[in-house]
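One file, work12.cif, carrying mmCIF, N, CA and C atoms:
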data_work
loop_
_atom_site.label_atom_id
_atom_site.label_comp_id
_atom_site.auth_asym_id
_atom_site.auth_seq_id
_atom_site.Cartn_x
_atom_site.Cartn_y
_atom_site.Cartn_z
N MET A 22 156.55 61.00 72.11
CA MET A 22 155.67 60.02 71.52
C MET A 22 154.44 59.81 72.40
N CYS A 23 154.67 59.75 73.72
CA CYS A 23 153.54 59.57 74.63
C CYS A 23 152.57 60.74 74.55
N LEU A 24 153.12 61.94 74.40
CA LEU A 24 152.27 63.12 74.31
C LEU A 24 151.40 63.09 73.07
N ILE A 25 151.97 62.69 71.95
CA ILE A 25 151.21 62.63 70.70
C ILE A 25 150.11 61.58 70.80
N LEU A 26 150.43 60.41 71.33
CA LEU A 26 149.42 59.36 71.47
C LEU A 26 148.35 59.74 72.47
N THR A 27 148.74 60.45 73.53
CA THR A 27 147.76 60.90 74.51
C THR A 27 146.77 61.86 73.87
N ILE A 28 147.28 62.82 73.11
CA ILE A 28 146.40 63.77 72.43
C ILE A 28 145.50 63.06 71.43
N LEU A 29 146.06 62.10 70.70
CA LEU A 29 145.28 61.34 69.73
C LEU A 29 144.12 60.61 70.39
N PHE A 30 144.38 59.92 71.50
CA PHE A 30 143.32 59.16 72.15
C PHE A 30 142.33 60.07 72.88
N ILE A 31 142.75 61.25 73.30
CA ILE A 31 141.79 62.21 73.86
C ILE A 31 140.81 62.65 72.77
N VAL A 32 141.34 62.94 71.59
CA VAL A 32 140.48 63.36 70.47
C VAL A 32 139.54 62.22 70.07
N LEU A 33 140.05 61.00 70.00
CA LEU A 33 139.19 59.86 69.66
C LEU A 33 138.12 59.64 70.72
N GLY A 34 138.49 59.83 71.98
CA GLY A 34 137.51 59.68 73.06
C GLY A 34 136.42 60.73 72.99
N ILE A 35 136.80 61.97 72.68
CA ILE A 35 135.80 63.04 72.56
C ILE A 35 134.87 62.76 71.38
N GLN A 36 135.43 62.28 70.28
CA GLN A 36 134.59 61.94 69.13
C GLN A 36 133.63 60.80 69.47
N ALA A 37 134.08 59.84 70.23
CA ALA A 37 133.21 58.73 70.62
C ALA A 37 132.10 59.21 71.55
N ILE A 38 132.42 60.16 72.44
CA ILE A 38 131.39 60.71 73.32
C ILE A 38 130.36 61.49 72.52
N ILE A 39 130.82 62.26 71.54
CA ILE A 39 129.89 63.03 70.71
C ILE A 39 128.96 62.10 69.94
N ASP A 40 129.49 60.96 69.48
CA ASP A 40 128.67 59.98 68.74
C ASP A 40 127.86 59.09 69.67
N HIS A 41 127.94 59.30 70.98
CA HIS A 41 127.25 58.49 72.00
C HIS A 41 127.63 57.02 71.91
N ASN A 42 128.89 56.76 71.58
CA ASN A 42 129.42 55.40 71.53
C ASN A 42 130.20 55.18 72.82
N TRP A 43 129.50 54.79 73.87
CA TRP A 43 130.08 54.77 75.21
C TRP A 43 131.13 53.69 75.40
N SER A 44 131.01 52.57 74.70
CA SER A 44 132.01 51.51 74.87
C SER A 44 133.37 51.95 74.33
N PHE A 45 133.38 52.58 73.16
CA PHE A 45 134.65 53.08 72.62
C PHE A 45 135.16 54.27 73.42
N ALA A 46 134.26 55.09 73.94
CA ALA A 46 134.68 56.21 74.78
C ALA A 46 135.39 55.71 76.03
N ALA A 47 134.87 54.64 76.64
CA ALA A 47 135.51 54.07 77.82
C ALA A 47 136.86 53.45 77.46
N LEU A 48 136.92 52.77 76.33
CA LEU A 48 138.17 52.16 75.88
C LEU A 48 139.23 53.23 75.61
N TYR A 49 138.86 54.28 74.88
CA TYR A 49 139.81 55.36 74.59
C TYR A 49 140.20 56.10 75.87
N GLY A 50 139.27 56.23 76.80
CA GLY A 50 139.59 56.86 78.08
C GLY A 50 140.60 56.06 78.87
N ALA A 51 140.46 54.74 78.88
CA ALA A 51 141.41 53.89 79.59
C ALA A 51 142.79 53.96 78.94
N ILE A 52 142.82 53.94 77.62
CA ILE A 52 144.10 54.03 76.91
C ILE A 52 144.73 55.40 77.16
N THR A 53 143.93 56.45 77.18
CA THR A 53 144.44 57.79 77.46
C THR A 53 145.05 57.86 78.84
N LEU A 54 144.38 57.29 79.84
CA LEU A 54 144.92 57.29 81.20
C LEU A 54 146.24 56.53 81.27
N PHE A 55 146.36 55.44 80.52
CA PHE A 55 147.61 54.69 80.49
C PHE A 55 148.74 55.54 79.91
N PHE A 56 148.48 56.25 78.81
CA PHE A 56 149.53 57.08 78.21
C PHE A 56 149.86 58.29 79.07
N ILE A 57 148.88 58.82 79.80
CA ILE A 57 149.17 59.91 80.74
C ILE A 57 150.07 59.40 81.85
N TRP A 58 149.80 58.19 82.34
CA TRP A 58 150.66 57.60 83.37
C TRP A 58 152.09 57.42 82.86
N LEU A 59 152.24 56.94 81.62
CA LEU A 59 153.57 56.79 81.03
C LEU A 59 154.27 58.13 80.87
N LEU A 60 153.52 59.14 80.46
CA LEU A 60 154.09 60.47 80.27
C LEU A 60 154.59 61.06 81.59
N VAL A 61 153.81 60.92 82.64
CA VAL A 61 154.21 61.42 83.95
C VAL A 61 155.43 60.65 84.47
N ASP A 62 155.42 59.34 84.25
CA ASP A 62 156.56 58.53 84.68
C ASP A 62 157.85 58.92 83.94
N ASN A 63 157.74 59.22 82.65
CA ASN A 63 158.91 59.66 81.88
C ASN A 63 159.41 61.01 82.35
N ILE A 64 158.50 61.93 82.65
CA ILE A 64 158.90 63.25 83.14
C ILE A 64 159.62 63.12 84.47
N LYS A 65 159.10 62.27 85.36
CA LYS A 65 159.76 62.07 86.66
C LYS A 65 161.15 61.46 86.48
N ALA A 66 161.30 60.52 85.54
CA ALA A 66 162.60 59.90 85.31
C ALA A 66 163.61 60.92 84.79
N VAL A 67 163.17 61.80 83.92
CA VAL A 67 164.07 62.83 83.39
C VAL A 67 164.47 63.80 84.50
N LEU A 68 163.51 64.19 85.34
CA LEU A 68 163.82 65.12 86.43
C LEU A 68 164.76 64.49 87.45
N ILE A 69 164.60 63.22 87.73
CA ILE A 69 165.51 62.53 88.65
C ILE A 69 166.90 62.46 88.02
N HIS A 70 166.97 62.18 86.72
CA HIS A 70 168.25 62.09 86.03
C HIS A 70 168.98 63.44 86.02
N LYS A 71 168.21 64.52 85.86
CA LYS A 71 168.81 65.85 85.86
C LYS A 71 169.15 66.34 87.26
N GLY A 72 168.65 65.65 88.27
CA GLY A 72 168.94 66.05 89.64
C GLY A 72 168.02 67.12 90.17
N GLN A 73 166.90 67.34 89.53
CA GLN A 73 165.97 68.37 89.98
C GLN A 73 165.08 67.88 91.11
N CYS A 74 164.93 66.58 91.26
CA CYS A 74 164.14 66.06 92.37
C CYS A 74 164.77 64.77 92.85
N SER A 75 164.42 64.39 94.05
CA SER A 75 165.04 63.21 94.65
C SER A 75 164.41 61.94 94.10
N SER A 76 165.07 60.83 94.34
CA SER A 76 164.54 59.55 93.84
C SER A 76 163.32 59.10 94.62
N SER A 77 163.07 59.71 95.79
CA SER A 77 161.89 59.33 96.58
C SER A 77 160.61 59.91 96.00
N GLY A 78 160.73 60.95 95.19
CA GLY A 78 159.54 61.51 94.57
C GLY A 78 159.73 62.95 94.15
N CYS A 79 158.81 63.42 93.35
CA CYS A 79 158.84 64.79 92.84
C CYS A 79 157.52 65.47 93.18
N SER A 80 157.57 66.76 93.32
CA SER A 80 156.34 67.52 93.51
C SER A 80 156.09 68.36 92.25
N ILE A 81 154.93 68.98 92.20
CA ILE A 81 154.61 69.81 91.04
C ILE A 81 155.53 71.02 90.98
N PHE A 82 156.04 71.44 92.13
CA PHE A 82 156.95 72.59 92.14
C PHE A 82 158.31 72.24 91.54
N ASP A 83 158.68 70.96 91.53
CA ASP A 83 159.93 70.56 90.89
C ASP A 83 159.88 70.78 89.38
N LEU A 84 158.69 70.72 88.81
CA LEU A 84 158.56 70.97 87.38
C LEU A 84 158.80 72.43 87.05
N LEU A 85 158.50 73.31 87.99
CA LEU A 85 158.60 74.75 87.74
C LEU A 85 159.98 75.32 88.05
N LYS A 86 160.81 74.56 88.79
CA LYS A 86 162.13 75.06 89.14
C LYS A 86 163.05 75.06 87.92
N ARG A 87 163.93 76.04 87.87
CA ARG A 87 164.95 76.05 86.82
C ARG A 87 166.11 75.20 87.27
N SER A 88 166.64 74.44 86.36
CA SER A 88 167.80 73.63 86.71
C SER A 88 169.05 74.49 86.70
N LYS A 89 170.00 74.11 87.53
CA LYS A 89 171.27 74.83 87.58
C LYS A 89 172.08 74.48 86.34
N LYS A 90 172.78 75.48 85.82
CA LYS A 90 173.60 75.22 84.65
C LYS A 90 174.81 74.39 85.05
N LYS A 91 174.98 73.29 84.36
CA LYS A 91 176.14 72.44 84.61
C LYS A 91 177.20 72.75 83.57
N PRO A 92 178.45 72.74 83.94
CA PRO A 92 179.50 73.00 82.95
C PRO A 92 179.54 71.89 81.91
N ASN A 93 179.84 72.26 80.71
CA ASN A 93 179.95 71.30 79.61
C ASN A 93 181.24 70.48 79.80
N ASP A 94 181.14 69.18 79.60
CA ASP A 94 182.32 68.32 79.78
C ASP A 94 183.42 68.68 78.79
N LYS A 95 183.06 69.11 77.60
CA LYS A 95 184.05 69.48 76.60
C LYS A 95 184.83 70.70 77.07
N ASP A 96 184.14 71.64 77.67
CA ASP A 96 184.83 72.84 78.18
C ASP A 96 185.81 72.49 79.29
N LEU A 97 185.48 71.51 80.10
CA LEU A 97 186.37 71.11 81.20
C LEU A 97 187.64 70.43 80.67
N SER A 98 187.51 69.70 79.58
CA SER A 98 188.67 68.98 79.06
C SER A 98 189.66 69.94 78.38
N ASP A 99 189.20 71.11 77.93
CA ASP A 99 190.08 72.07 77.29
C ASP A 99 190.99 72.78 78.28
N GLN A 100 190.64 72.80 79.54
CA GLN A 100 191.42 73.55 80.52
C GLN A 100 192.60 72.78 81.03
#
The structure given in the file should be rewritten as structure tokens.
Amino acid sequence: MCLILTILFIVLGIQAIIDHNWSFAALYGAITLFFIWLLVDNIKAVLIHKGQCSSSGCSIFDLLKRSKKKPNDKDLSDQ
């Protein structure tokens, strides 16, 4: 959802810049930055939950790492 809203406000901001409507361009830019912040925060929370990065912080390289395959809980209960 954050990604869709971010793209939407980027497009609205570009349209406002093309129309030379600077007040709306600044408003859409601020809203876009807010949704980018939310998107990054959500990605970090998911990576911490998956165990790909520590709770102290993540780096850009943590996004590129492949996660280790964890066994399925259902498969463990069958044994």
Pairwise distance for atom C of Val61 (chain A) and atom C of Gln73 (chain A), rounded to one decimal in Å: 13.8 Å
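Going from CA of Met22 (chain A) over to CA of Phe55 (chain A), you cover 13.2 Å.
Distance-wise, CA of Lys65 (chain A) and CA of Leu48 (chain A) end up 26.1 Å apart.
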For Leu54 (chain A), find every residue with an atom within 8 Å (counting all atoms listed in the file), except residues of its own chain fewer than 6 positions away, and show them as a PDB file with N, CA and C atoms, in the frame of the given file.
ATOM      1  N   THR A  27     148.740  60.450  73.530  1.00  0.00           N
ATOM      2  CA  THR A  27     147.760  60.900  74.510  1.00  0.00           C
ATOM      3  C   THR A  27     146.770  61.860  73.870  1.00  0.00           C
ATOM      4  N   PHE A  30     144.380  59.920  71.500  1.00  0.00           N
ATOM      5  CA  PHE A  30     143.320  59.160  72.150  1.00  0.00           C
ATOM      6  C   PHE A  30     142.330  60.070  72.880  1.00  0.00           C
ATOM      7  N   ILE A  31     142.750  61.250  73.300  1.00  0.00           N
ATOM      8  CA  ILE A  31     141.790  62.210  73.860  1.00  0.00           C
ATOM      9  C   ILE A  31     140.810  62.650  72.770  1.00  0.00           C
ATOM     10  N   LEU A  48     136.920  52.770  76.330  1.00  0.00           N
ATOM     11  CA  LEU A  48     138.170  52.160  75.880  1.00  0.00           C
ATOM     12  C   LEU A  48     139.230  53.230  75.610  1.00  0.00           C
ATOM     13  N   LEU A  60     153.520  59.140  80.460  1.00  0.00           N
ATOM     14  CA  LEU A  60     154.090  60.470  80.270  1.00  0.00           C
ATOM     15  C   LEU A  60     154.590  61.060  81.590  1.00  0.00           C
TER      16      LEU A  60
END
